[in-house]
file input07.cif (mmCIF, C-alpha atoms)
data_input
#
loop_
_atom_site.label_atom_id
_atom_site.label_comp_id
_atom_site.auth_asym_id
_atom_site.auth_seq_id
_atom_site.Cartn_x
_atom_site.Cartn_y
_atom_site.Cartn_z
CA MET I 1 40.10 31.33 22.47
CA THR I 2 39.70 29.17 25.56
CA ARG I 3 37.23 30.26 28.25
CA PRO I 4 39.93 30.91 30.93
CA LEU I 5 41.94 33.01 28.48
CA ALA I 6 38.84 34.96 27.46
CA ALA I 7 38.05 35.61 31.12
CA LEU I 8 41.57 36.88 31.78
CA LEU I 9 41.39 39.15 28.73
CA ALA I 10 38.05 40.56 29.87
CA LEU I 11 39.47 41.22 33.37
CA ALA I 12 42.50 42.97 31.87
CA LEU I 13 40.28 45.19 29.72
CA THR I 14 38.12 46.04 32.73
CA LEU I 15 41.14 47.02 34.86
CA ALA I 16 42.55 49.10 32.04
CA ALA I 17 39.29 51.03 31.83
CA LEU I 18 39.42 51.96 35.52
CA PRO I 19 41.04 55.32 36.39
CA ALA I 20 44.58 55.07 37.66
CA HIS I 21 44.98 55.60 41.37
CA ALA I 22 45.94 59.22 41.86
CA GLU I 23 48.95 59.95 44.02
CA ALA I 24 48.42 62.18 47.04
CA VAL I 25 49.07 65.88 46.59
CA ARG I 26 52.00 66.61 48.92
CA LEU I 27 52.28 70.16 50.28
CA THR I 28 54.65 72.11 52.52
CA TYR I 29 53.42 74.52 55.21
CA SER I 30 55.66 77.31 56.54
CA ASN I 31 54.86 79.02 59.86
CA PHE I 32 56.97 81.45 61.90
CA PHE I 33 55.36 80.51 65.24
CA PRO I 34 57.58 78.20 67.30
CA PRO I 35 56.42 74.56 67.53
CA THR I 36 55.48 74.94 71.21
CA HIS I 37 53.09 77.85 70.57
CA ILE I 38 49.38 76.99 70.53
CA GLN I 39 48.95 78.74 67.17
CA SER I 40 51.66 76.51 65.74
CA GLN I 41 50.12 73.43 67.30
CA LEU I 42 46.75 74.31 65.76
CA ALA I 43 48.40 74.72 62.36
CA GLU I 44 50.02 71.30 62.71
CA GLN I 45 46.67 69.79 63.71
CA TRP I 46 45.12 71.40 60.63
CA CYS I 47 47.68 69.55 58.49
CA ALA I 48 46.71 66.22 60.07
CA GLU I 49 43.02 67.00 59.68
CA VAL I 50 43.47 67.87 55.99
CA GLU I 51 44.90 64.41 55.36
CA LYS I 52 42.12 62.80 57.37
CA ARG I 53 39.22 64.66 55.77
CA THR I 54 40.54 64.28 52.23
CA GLY I 55 41.04 60.54 52.74
CA GLY I 56 44.77 60.89 52.20
CA ALA I 57 44.36 62.73 48.88
CA VAL I 58 46.23 65.72 50.36
CA ARG I 59 49.16 65.47 52.76
CA VAL I 60 50.95 68.39 54.35
CA ASP I 61 54.50 68.52 55.71
CA TYR I 62 54.73 71.16 58.44
CA PHE I 63 57.69 73.51 59.06
CA PRO I 64 57.29 75.75 62.16
CA GLY I 65 59.64 78.30 63.68
CA GLY I 66 60.54 80.03 60.42
CA THR I 67 62.68 77.07 59.33
CA LEU I 68 61.38 77.20 55.74
CA THR I 69 60.70 80.92 55.32
CA LYS I 70 60.90 83.79 57.82
CA ALA I 71 57.79 85.73 58.90
CA PRO I 72 58.12 88.69 56.46
CA GLU I 73 59.00 86.33 53.60
CA ILE I 74 56.15 83.85 53.92
CA TYR I 75 53.65 85.49 51.53
CA ASP I 76 56.25 85.75 48.76
CA GLY I 77 57.44 82.27 49.64
CA VAL I 78 53.95 80.96 48.90
CA THR I 79 53.54 82.85 45.63
CA GLU I 80 57.02 81.85 44.44
CA GLY I 81 56.65 78.20 45.43
CA LEU I 82 59.26 78.12 48.20
CA CYS I 83 56.44 76.76 50.34
CA ASP I 84 52.93 75.73 49.35
CA ILE I 85 51.08 77.08 52.40
CA GLY I 86 52.07 79.80 54.82
CA MET I 87 50.89 81.57 57.96
CA SER I 88 52.06 85.09 58.74
CA ALA I 89 50.77 88.60 59.44
CA PRO I 90 50.02 91.40 56.96
CA GLY I 91 51.56 93.74 59.54
CA TYR I 92 55.02 92.31 58.86
CA THR I 93 55.01 93.85 55.35
CA ARG I 94 53.69 97.34 55.99
CA GLY I 95 51.74 98.93 53.13
CA ARG I 96 51.29 95.73 51.17
CA PHE I 97 47.87 94.76 52.53
CA PRO I 98 45.91 98.03 52.76
CA VAL I 99 42.47 96.49 53.34
CA LEU I 100 43.36 93.81 55.90
CA SER I 101 45.73 96.17 57.71
CA ALA I 102 42.68 98.18 58.81
CA VAL I 103 41.74 95.26 61.09
CA ASP I 104 44.88 96.02 63.12
CA LEU I 105 43.82 99.59 63.95
CA PRO I 106 43.50 100.55 67.66
CA LEU I 107 39.74 100.05 67.88
CA GLY I 108 39.43 98.65 71.41
CA TYR I 109 39.53 94.89 70.79
CA ALA I 110 38.44 92.80 73.76
CA ASN I 111 39.06 89.18 72.71
CA GLY I 112 40.40 86.83 70.07
CA PRO I 113 37.11 85.39 68.75
CA ALA I 114 35.76 88.87 68.02
CA ALA I 115 38.99 89.93 66.30
CA THR I 116 39.02 86.70 64.26
CA ALA I 117 35.41 87.22 63.21
CA VAL I 118 36.25 90.76 62.07
CA ALA I 119 39.29 89.67 60.02
CA ASN I 120 37.36 86.99 58.12
CA ALA I 121 34.34 89.25 57.63
CA VAL I 122 36.51 91.98 56.11
CA PHE I 123 37.98 89.57 53.57
CA GLU I 124 34.58 88.16 52.63
CA LYS I 125 33.05 91.64 52.32
CA PHE I 126 35.76 93.36 50.28
CA ARG I 127 37.68 90.48 48.61
CA PRO I 128 40.80 92.69 48.47
CA ALA I 129 43.06 92.46 45.44
CA GLU I 130 46.06 92.25 47.77
CA PHE I 131 45.35 88.52 48.13
CA ASP I 132 44.66 87.78 44.47
CA ALA I 133 48.02 86.03 44.03
CA VAL I 134 47.14 83.27 46.53
CA GLU I 135 44.28 81.03 47.59
CA VAL I 136 43.14 82.24 51.01
CA MET I 137 42.42 79.53 53.54
CA TYR I 138 41.34 81.72 56.47
CA PHE I 139 42.32 84.50 58.86
CA HIS I 140 42.58 84.70 62.62
CA ALA I 141 43.49 87.47 65.05
CA HIS I 142 44.65 87.78 68.64
CA GLY I 143 43.06 89.43 71.66
CA PRO I 144 43.81 92.96 72.86
CA GLY I 145 47.35 94.15 72.17
CA LEU I 146 48.52 95.93 75.32
CA LEU I 147 51.57 97.93 76.35
CA HIS I 148 54.36 96.04 78.12
CA THR I 149 57.53 97.64 79.45
CA VAL I 150 60.79 96.39 80.92
CA LYS I 151 62.03 98.94 83.44
CA LYS I 152 59.16 101.17 84.54
CA PRO I 153 55.36 101.14 84.69
CA VAL I 154 53.36 103.38 82.37
CA ALA I 155 50.20 105.03 83.69
CA THR I 156 50.09 108.27 81.68
CA LEU I 157 51.03 109.56 78.26
CA GLU I 158 53.89 111.43 79.88
CA ASP I 159 55.40 108.13 81.07
CA LEU I 160 55.85 107.08 77.44
CA LYS I 161 58.17 109.92 76.48
CA GLY I 162 61.60 108.68 75.39
CA LEU I 163 60.67 104.99 75.30
CA LYS I 164 61.59 102.78 72.34
CA LEU I 165 58.90 100.17 71.82
CA ARG I 166 58.75 97.15 69.53
CA ALA I 167 55.76 97.44 67.19
CA THR I 168 54.78 96.39 63.67
CA GLY I 169 52.22 97.58 61.15
CA ASN I 170 49.51 99.79 62.62
CA SER I 171 50.72 99.18 66.17
CA ALA I 172 53.83 101.19 65.23
CA LYS I 173 51.55 104.13 64.51
CA VAL I 174 49.93 103.65 67.93
CA VAL I 175 53.31 103.84 69.61
CA GLN I 176 54.16 107.02 67.75
CA ALA I 177 50.78 108.61 68.47
CA LEU I 178 51.23 107.93 72.17
CA GLY I 179 54.57 109.73 72.16
CA ALA I 180 57.08 106.86 72.13
CA THR I 181 59.43 105.68 69.35
CA PRO I 182 58.38 102.54 67.40
CA VAL I 183 61.00 99.96 66.46
CA ALA I 184 59.90 97.44 63.81
CA MET I 185 60.84 93.81 64.35
CA SER I 186 59.11 90.45 64.17
CA MET I 187 58.19 88.66 67.37
CA PRO I 188 61.01 86.09 67.13
CA ASP I 189 63.52 88.97 67.44
CA ALA I 190 61.73 90.88 70.21
CA TYR I 191 62.78 88.76 73.21
CA GLN I 192 66.52 89.39 72.85
CA ALA I 193 65.94 93.02 71.91
CA MET I 194 64.15 93.61 75.22
CA GLN I 195 66.59 91.46 77.17
CA LYS I 196 69.55 93.45 75.83
CA GLY I 197 67.89 96.84 76.23
CA VAL I 198 67.67 97.55 72.51
CA VAL I 199 64.00 98.40 73.11
CA ASP I 200 62.20 99.35 76.33
CA GLY I 201 59.15 97.21 75.77
CA GLY I 202 56.47 96.74 73.18
CA LEU I 203 52.86 96.27 72.27
CA HIS I 204 51.73 92.65 72.26
CA PRO I 205 48.79 90.49 73.34
CA VAL I 206 48.85 89.03 76.84
CA GLU I 207 49.34 85.49 75.50
CA THR I 208 52.78 86.51 74.22
CA ASN I 209 54.05 86.64 77.79
CA LYS I 210 53.93 82.84 77.84
CA GLY I 211 53.72 81.87 74.16
CA TRP I 212 56.93 83.74 73.33
CA LYS I 213 58.25 83.82 76.95
CA MET I 214 58.07 87.61 76.91
CA GLY I 215 56.96 87.55 80.54
CA GLU I 216 60.56 86.66 81.39
CA VAL I 217 61.83 90.06 80.18
CA VAL I 218 58.94 92.51 80.62
CA ARG I 219 57.93 93.55 84.13
CA PHE I 220 55.00 95.91 83.61
CA MET I 221 51.70 95.73 81.73
CA THR I 222 49.39 98.67 81.07
CA GLN I 223 45.71 97.84 80.65
CA SER I 224 45.39 100.09 77.62
CA ARG I 225 42.13 98.52 76.38
CA ALA I 226 40.86 101.89 75.13
CA VAL I 227 43.32 101.71 72.22
CA ALA I 228 43.80 97.95 72.12
CA TYR I 229 44.72 96.73 68.65
CA THR I 230 44.83 93.24 67.19
CA THR I 231 47.08 91.58 64.65
CA ALA I 232 45.42 89.67 61.84
CA PHE I 233 47.14 86.52 60.55
CA TYR I 234 46.57 84.89 57.19
CA VAL I 235 46.81 81.27 56.09
CA VAL I 236 47.26 81.15 52.32
CA MET I 237 48.10 78.57 49.67
CA ASN I 238 49.91 78.74 46.33
CA LYS I 239 47.26 79.01 43.61
CA ALA I 240 48.79 76.37 41.33
CA ARG I 241 49.09 73.89 44.19
CA TRP I 242 45.49 74.58 45.19
CA ALA I 243 44.39 73.92 41.60
CA ALA I 244 46.15 70.53 41.74
CA ILE I 245 43.87 69.39 44.57
CA PRO I 246 40.76 67.41 43.47
CA PRO I 247 37.47 69.38 43.79
CA GLU I 248 36.03 67.10 46.47
CA ALA I 249 39.19 67.53 48.55
CA GLN I 250 39.04 71.31 48.06
CA ALA I 251 35.49 71.29 49.41
CA ALA I 252 36.61 69.34 52.49
CA ILE I 253 39.43 71.81 53.12
CA ARG I 254 37.12 74.82 52.78
CA GLU I 255 34.80 73.33 55.37
CA LEU I 256 37.77 72.64 57.65
CA ASN I 257 39.01 76.23 57.26
CA VAL I 258 35.82 77.71 58.71
CA GLU I 259 36.11 75.45 61.74
CA TRP I 260 39.81 76.11 62.23
CA ALA I 261 39.53 79.90 62.06
CA ALA I 262 37.14 79.75 65.02
CA ARG I 263 39.51 77.42 66.88
CA HIS I 264 42.37 79.87 66.46
CA GLY I 265 40.24 82.70 67.83
CA GLN I 266 39.22 80.66 70.86
CA ALA I 267 42.81 79.59 71.42
CA TRP I 268 43.95 83.21 71.50
CA ASP I 269 41.59 83.84 74.43
CA ALA I 270 42.62 80.71 76.30
CA SER I 271 46.29 81.55 75.86
CA ASP I 272 45.68 85.15 76.98
CA ALA I 273 44.56 83.75 80.32
CA GLU I 274 47.66 81.56 80.49
CA GLY I 275 49.83 84.50 79.49
CA MET I 276 48.48 86.61 82.33
CA GLU I 277 49.09 83.81 84.83
CA PHE I 278 52.65 83.39 83.56
CA PHE I 279 53.28 87.16 83.64
CA LEU I 280 52.11 87.43 87.25
CA SER I 281 54.08 84.34 88.28
CA LYS I 282 57.25 86.09 87.10
CA GLY I 283 56.51 89.08 89.31
CA GLY I 284 54.82 91.17 86.64
CA GLN I 285 52.77 94.17 87.67
CA VAL I 286 49.56 95.43 86.03
CA THR I 287 48.71 99.14 85.79
CA ALA I 288 45.19 100.28 84.95
CA LEU I 289 44.38 103.52 83.14
CA GLY I 290 41.92 105.81 84.84
CA ASP I 291 38.83 106.81 82.84
CA GLY I 292 40.21 110.26 82.08
CA GLU I 293 43.57 108.88 81.05
CA ALA I 294 41.95 106.25 78.83
CA GLU I 295 40.14 109.04 76.99
CA ARG I 296 43.45 110.86 76.51
CA TRP I 297 44.94 107.73 74.92
CA ARG I 298 41.88 107.29 72.69
CA ALA I 299 42.04 110.91 71.58
CA ALA I 300 45.78 110.61 70.88
CA CYS I 301 45.15 107.63 68.58
CA ALA I 302 42.08 109.04 66.79
CA PRO I 303 44.21 110.63 64.02
CA ILE I 304 45.45 107.14 63.09
CA LEU I 305 41.93 106.24 61.95
CA ASP I 306 41.64 109.44 59.93
CA GLU I 307 45.06 108.79 58.39
CA TYR I 308 44.03 105.29 57.38
CA VAL I 309 40.97 106.61 55.57
CA ARG I 310 43.05 109.18 53.68
CA GLU I 311 45.76 106.67 52.71
CA ALA I 312 43.23 104.07 51.61
CA GLU I 313 41.38 106.58 49.46
CA ALA I 314 44.67 107.72 47.92
CA ALA I 315 45.21 104.06 46.96
CA GLY I 316 41.80 103.93 45.28
CA LEU I 317 40.01 102.21 48.17
CA ASP I 318 36.92 103.32 50.08
CA GLY I 319 38.72 103.73 53.40
CA LYS I 320 35.69 105.16 55.17
CA ALA I 321 33.54 102.18 54.19
CA ILE I 322 36.22 99.71 55.28
CA LEU I 323 36.69 101.39 58.66
CA GLU I 324 32.98 101.74 59.35
CA PHE I 325 32.37 98.10 58.42
CA ILE I 326 35.11 96.97 60.82
CA GLN I 327 33.79 99.15 63.66
CA ALA I 328 30.23 97.90 63.18
CA THR I 329 31.31 94.25 62.92
CA LEU I 330 33.47 94.58 66.03
CA ARG I 331 30.64 96.14 68.05
CA GLN I 332 28.36 93.31 67.03
CA ALA I 333 30.97 90.61 67.75
CA GLN I 334 31.76 92.03 71.19
CA GLY I 335 28.20 93.04 72.09
CA ASP I 336 29.35 96.62 72.67
#

call {"tool": "encode", "arguments": {"input": "input07.cif", "output": "structure tokens"}}
result
Amino acid sequence: MTRPLAALLALALTLAALPAHAEAVRLTYSNFFPPTHIQSQLAEQWCAEVEKRTGGAVRVDYFPGGTLTKAPEIYDGVTEGLCDIGMSAPGYTRGRFPVLSAVDLPLGYANGPAATAVANAVFEKFRPAEFDAVEVMYFHAHGPGLLHTVKKPVATLEDLKGLKLRATGNSAKVVQALGATPVAMSMPDAYQAMQKGVVDGGLHPVETNKGWKMGEVVRFMTQSRAVAYTTAFYVVMNKARWAAIPPEAQAAIRELNVEWAARHGQAWDASDAEGMEFFLSKGGQVTALGDGEAERWRAACAPILDEYVREAEAAGLDGKAILEFIQATLRQAQGD
């Protein structure tokens, strides 16, 4: 064998021994938030950052605005492979997420970072079986959910009588406890429902007034901080698709998830400020609850906490431990 031929043969054997270049894992991400919403923009930035930090080993195609799967369908969409990643809220499928739903209770939330810290801490502490079918990326949660109405201000419990208010998950129980009638619907449907008079208002965070343009249809906000709830949101991935990602890329994504959860929490606060500015610019009026009235609202909602404990225990969960952990974590996160 000539020397050049031997060299070529040796090179061919060397190349054959090298591992084949792996193709990038390509994923789809479904989100119900509209593309203009900051929470959607953060999700899209997460997709870009995944590709960057995994060196192109993982690429994510992003589908906002419920174009791939609607809000209540996203969890099942992930488990069934209709989408690989999804962001939605446990509150949109009432009763399905008994541990995480406790985060949404009316516990007096003050800001998004604290609510986000609580949601992630609850998952890490209890590792609820309700998320066993997926790979959890992270959770985030909005700032205080407050009462907004279309036609009249609300300053007392008596003002709520006869009102139909959009609410989901535990916030529906808040509406009922306060004496109004809850109407379940996802946020994308709420704008037209209020505009057409199907409902008289709803419970939502202040950011929603701009993020979902709700400030165009509601005229009054009640500073009901005493019973302010939050809504936790999950970002989850199909387990099989997660398993297809190389270990080093998985590690990079886990690190990114911790950072991004905090960014979502901070963004909720920033957008609350923008939502208030937008609400006031549209002529919105803010009504504060007096101290005595705030206590009446808190007392009216107290049975919701007791009911949660009973229902959780009936489902084989330690509802008291879950609730007490959330209350303690929230106090610490808010410095209360």

call {"tool": "residues_around", "arguments": {"input": "input07.cif", "residues": "Ala321 in chain I", "least_positions_apart": "4", "cutoff": "10 Å", "atoms": "all atoms listed in the file", "output": "ChimeraX atom specification"}}
result
/I:126,309,317,325-327

call {"tool": "write_last_selection", "arguments": {"input": "input07.cif", "atoms": "C-alpha atoms", "output": "compact mmCIF listing (two decimals), in the coordinates of the input"}}
result
# COMPACT_ATOMS: atom_id res chain seq x y z
CA PHE I 126 35.76 93.36 50.28
CA VAL I 309 40.97 106.61 55.57
CA LEU I 317 40.01 102.21 48.17
CA PHE I 325 32.37 98.10 58.42
CA ILE I 326 35.11 96.97 60.82
CA GLN I 327 33.79 99.15 63.66

call {"tool": "closest_residue", "arguments": {"input": "input07.cif", "among": "I:Thr79, I:Thr69, I:Ser88, I:Gln45", "to": "Ala240 in chain I", "atoms": "only C-alpha atoms"}}
result
I:Thr79

call {"tool": "resolve_selection", "arguments": {"input": "input07.cif", "expression": "the PyMOL selection byres ((chain I and resi 32) around 7)", "output": "VMD selection string"}}
result
chain I and resid 30 to 31 33 to 34 64 to 66 70 to 71 88

call {"tool": "atom_distance", "arguments": {"input": "input07.cif", "atom1": "CA of Ala115 in chain I", "atom2": "CA of Lys239 in chain I"}}
result
26.5 Å

call {"tool": "residues_near_point", "arguments": {"input": "input07.cif", "point": "(43.3, 98.3, 67.1)", "cutoff": "6 Å", "atoms": "all atoms listed in the file", "output": "mmCIF file with C-alpha atoms, keeping the file's coordinate frame"}}
result
data_model
loop_
_atom_site.group_PDB
_atom_site.id
_atom_site.type_symbol
_atom_site.label_atom_id
_atom_site.label_comp_id
_atom_site.auth_asym_id
_atom_site.auth_seq_id
_atom_site.Cartn_x
_atom_site.Cartn_y
_atom_site.Cartn_z
ATOM 1 C CA ASP I 104 44.880 96.020 63.120
ATOM 2 C CA LEU I 105 43.820 99.590 63.950
ATOM 3 C CA PRO I 106 43.500 100.550 67.660
ATOM 4 C CA LEU I 107 39.740 100.050 67.880
ATOM 5 C CA GLY I 108 39.430 98.650 71.410
ATOM 6 C CA ALA I 228 43.800 97.950 72.120
ATOM 7 C CA TYR I 229 44.720 96.730 68.650
ATOM 8 C CA THR I 230 44.830 93.240 67.190
#

call {"tool": "residues_near_point", "arguments": {"input": "input07.cif", "point": "(44.0, 83.6, 75.5)", "cutoff": "12 Å", "atoms": "all atoms listed in the file", "output": "PDB file with C-alpha atoms, in the frame of the given file"}}
result
ATOM      1  CA  HIS I  37      53.090  77.850  70.570  1.00  0.00           C
ATOM      2  CA  ILE I  38      49.380  76.990  70.530  1.00  0.00           C
ATOM      3  CA  GLN I  39      48.950  78.740  67.170  1.00  0.00           C
ATOM      4  CA  ALA I 110      38.440  92.800  73.760  1.00  0.00           C
ATOM      5  CA  ASN I 111      39.060  89.180  72.710  1.00  0.00           C
ATOM      6  CA  GLY I 112      40.400  86.830  70.070  1.00  0.00           C
ATOM      7  CA  PRO I 113      37.110  85.390  68.750  1.00  0.00           C
ATOM      8  CA  ALA I 141      43.490  87.470  65.050  1.00  0.00           C
ATOM      9  CA  HIS I 142      44.650  87.780  68.640  1.00  0.00           C
ATOM     10  CA  GLY I 143      43.060  89.430  71.660  1.00  0.00           C
ATOM     11  CA  PRO I 144      43.810  92.960  72.860  1.00  0.00           C
ATOM     12  CA  GLY I 145      47.350  94.150  72.170  1.00  0.00           C
ATOM     13  CA  PRO I 205      48.790  90.490  73.340  1.00  0.00           C
ATOM     14  CA  VAL I 206      48.850  89.030  76.840  1.00  0.00           C
ATOM     15  CA  GLU I 207      49.340  85.490  75.500  1.00  0.00           C
ATOM     16  CA  THR I 208      52.780  86.510  74.220  1.00  0.00           C
ATOM     17  CA  ASN I 209      54.050  86.640  77.790  1.00  0.00           C
ATOM     18  CA  LYS I 210      53.930  82.840  77.840  1.00  0.00           C
ATOM     19  CA  GLY I 211      53.720  81.870  74.160  1.00  0.00           C
ATOM     20  CA  ARG I 263      39.510  77.420  66.880  1.00  0.00           C
ATOM     21  CA  HIS I 264      42.370  79.870  66.460  1.00  0.00           C
ATOM     22  CA  GLY I 265      40.240  82.700  67.830  1.00  0.00           C
ATOM     23  CA  GLN I 266      39.220  80.660  70.860  1.00  0.00           C
ATOM     24  CA  ALA I 267      42.810  79.590  71.420  1.00  0.00           C
ATOM     25  CA  TRP I 268      43.950  83.210  71.500  1.00  0.00           C
ATOM     26  CA  ASP I 269      41.590  83.840  74.430  1.00  0.00           C
ATOM     27  CA  ALA I 270      42.620  80.710  76.300  1.00  0.00           C
ATOM     28  CA  SER I 271      46.290  81.550  75.860  1.00  0.00           C
ATOM     29  CA  ASP I 272      45.680  85.150  76.980  1.00  0.00           C
ATOM     30  CA  ALA I 273      44.560  83.750  80.320  1.00  0.00           C
ATOM     31  CA  GLU I 274      47.660  81.560  80.490  1.00  0.00           C
ATOM     32  CA  GLY I 275      49.830  84.500  79.490  1.00  0.00           C
ATOM     33  CA  MET I 276      48.480  86.610  82.330  1.00  0.00           C
ATOM     34  CA  GLU I 277      49.090  83.810  84.830  1.00  0.00           C
ATOM     35  CA  PHE I 278      52.650  83.390  83.560  1.00  0.00           C
TER      36      PHE I 278
END

call {"tool": "residues_around", "arguments": {"input": "input07.cif", "residues": "Ala177 in chain I", "least_positions_apart": "2", "cutoff": "8 Å", "atoms": "all atoms listed in the file", "output": "MDAnalysis selection string"}}
result
chainID I and resid 173:175 179:180 300:301 304

call {"tool": "write_last_selection", "arguments": {"input": "input07.cif", "atoms": "C-alpha atoms", "output": "mmCIF file, in the frame of the given file"}}
result
data_model
loop_
_atom_site.group_PDB
_atom_site.id
_atom_site.type_symbol
_atom_site.label_atom_id
_atom_site.label_comp_id
_atom_site.auth_asym_id
_atom_site.auth_seq_id
_atom_site.Cartn_x
_atom_site.Cartn_y
_atom_site.Cartn_z
ATOM 1 C CA LYS I 173 51.550 104.130 64.510
ATOM 2 C CA VAL I 174 49.930 103.650 67.930
ATOM 3 C CA VAL I 175 53.310 103.840 69.610
ATOM 4 C CA GLY I 179 54.570 109.730 72.160
ATOM 5 C CA ALA I 180 57.080 106.860 72.130
ATOM 6 C CA ALA I 300 45.780 110.610 70.880
ATOM 7 C CA CYS I 301 45.150 107.630 68.580
ATOM 8 C CA ILE I 304 45.450 107.140 63.090
#

call {"tool": "closest_residue", "arguments": {"input": "input07.cif", "among": "I:Thr28, I:Thr54, I:Gln192, I:Thr329", "to": "Lys125 in chain I", "atoms": "all atoms listed in the file"}}
result
I:Thr329

call {"tool": "closest_residue", "arguments": {"input": "input07.cif", "among": "I:Glu313, I:Glu255, I:Glu216, I:Glu158", "to": "Pro98 in chain I", "atoms": "all atoms listed in the file"}}
result
I:Glu313

call {"tool": "atom_distance", "arguments": {"input": "input07.cif", "atom1": "CA of Val217 in chain I", "atom2": "CA of Asp189 in chain I"}}
result
12.9 Å

call {"tool": "atom_distance", "arguments": {"input": "input07.cif", "atom1": "CA of Thr149 in chain I", "atom2": "CA of Ala302 in chain I"}}
result
23.0 Å

call {"tool": "resolve_selection", "arguments": {"input": "input07.cif", "expression": "the PyMOL selection byres ((chain I and resi 287) around 7)", "output": "JSON, numbers by chain"}}
result
{"I": [155, 221, 222, 223, 285, 286, 288, 289]}

call {"tool": "write_last_selection", "arguments": {"input": "input07.cif", "atoms": "C-alpha atoms", "output": "compact mmCIF listing (two decimals), keeping the file's coordinate frame"}}
result
# COMPACT_ATOMS: atom_id res chain seq x y z
CA ALA I 155 50.20 105.03 83.69
CA MET I 221 51.70 95.73 81.73
CA THR I 222 49.39 98.67 81.07
CA GLN I 223 45.71 97.84 80.65
CA GLN I 285 52.77 94.17 87.67
CA VAL I 286 49.56 95.43 86.03
CA ALA I 288 45.19 100.28 84.95
CA LEU I 289 44.38 103.52 83.14

call {"tool": "closest_residue", "arguments": {"input": "input07.cif", "among": "I:Val227, I:Val235, I:Ala252, I:Thr156", "to": "Glu293 in chain I", "atoms": "all atoms listed in the file"}}
result
I:Thr156

call {"tool": "resolve_selection", "arguments": {"input": "input07.cif", "expression": "the PyMOL selection byres ((chain I and resi 136) around 12)", "output": "mmCIF file with C-alpha atoms, in the frame of the given file"}}
result
data_model
loop_
_atom_site.group_PDB
_atom_site.id
_atom_site.type_symbol
_atom_site.label_atom_id
_atom_site.label_comp_id
_atom_site.auth_asym_id
_atom_site.auth_seq_id
_atom_site.Cartn_x
_atom_site.Cartn_y
_atom_site.Cartn_z
ATOM 1 C CA TYR I 75 53.650 85.490 51.530
ATOM 2 C CA VAL I 78 53.950 80.960 48.900
ATOM 3 C CA THR I 79 53.540 82.850 45.630
ATOM 4 C CA ASP I 84 52.930 75.730 49.350
ATOM 5 C CA ILE I 85 51.080 77.080 52.400
ATOM 6 C CA GLY I 86 52.070 79.800 54.820
ATOM 7 C CA MET I 87 50.890 81.570 57.960
ATOM 8 C CA ASN I 120 37.360 86.990 58.120
ATOM 9 C CA PHE I 123 37.980 89.570 53.570
ATOM 10 C CA GLU I 124 34.580 88.160 52.630
ATOM 11 C CA ARG I 127 37.680 90.480 48.610
ATOM 12 C CA PRO I 128 40.800 92.690 48.470
ATOM 13 C CA ALA I 129 43.060 92.460 45.440
ATOM 14 C CA GLU I 130 46.060 92.250 47.770
ATOM 15 C CA PHE I 131 45.350 88.520 48.130
ATOM 16 C CA ASP I 132 44.660 87.780 44.470
ATOM 17 C CA ALA I 133 48.020 86.030 44.030
ATOM 18 C CA VAL I 134 47.140 83.270 46.530
ATOM 19 C CA GLU I 135 44.280 81.030 47.590
ATOM 20 C CA MET I 137 42.420 79.530 53.540
ATOM 21 C CA TYR I 138 41.340 81.720 56.470
ATOM 22 C CA PHE I 139 42.320 84.500 58.860
ATOM 23 C CA HIS I 140 42.580 84.700 62.620
ATOM 24 C CA PHE I 233 47.140 86.520 60.550
ATOM 25 C CA TYR I 234 46.570 84.890 57.190
ATOM 26 C CA VAL I 235 46.810 81.270 56.090
ATOM 27 C CA VAL I 236 47.260 81.150 52.320
ATOM 28 C CA MET I 237 48.100 78.570 49.670
ATOM 29 C CA ASN I 238 49.910 78.740 46.330
ATOM 30 C CA LYS I 239 47.260 79.010 43.610
ATOM 31 C CA TRP I 242 45.490 74.580 45.190
ATOM 32 C CA ILE I 253 39.430 71.810 53.120
ATOM 33 C CA ARG I 254 37.120 74.820 52.780
ATOM 34 C CA ASN I 257 39.010 76.230 57.260
ATOM 35 C CA VAL I 258 35.820 77.710 58.710
ATOM 36 C CA ALA I 261 39.530 79.900 62.060
#

call {"tool": "closest_residue", "arguments": {"input": "input07.cif", "among": "I:His148, I:Arg296, I:Arg331, I:Lys164", "to": "Gly215 in chain I", "atoms": "only C-alpha atoms"}}
result
I:His148

call {"tool": "closest_residue", "arguments": {"input": "input07.cif", "among": "I:Gly202, I:Pro246, I:Gly169, I:Gly81", "to": "Ala24 in chain I", "atoms": "all atoms listed in the file"}}
result
I:Pro246
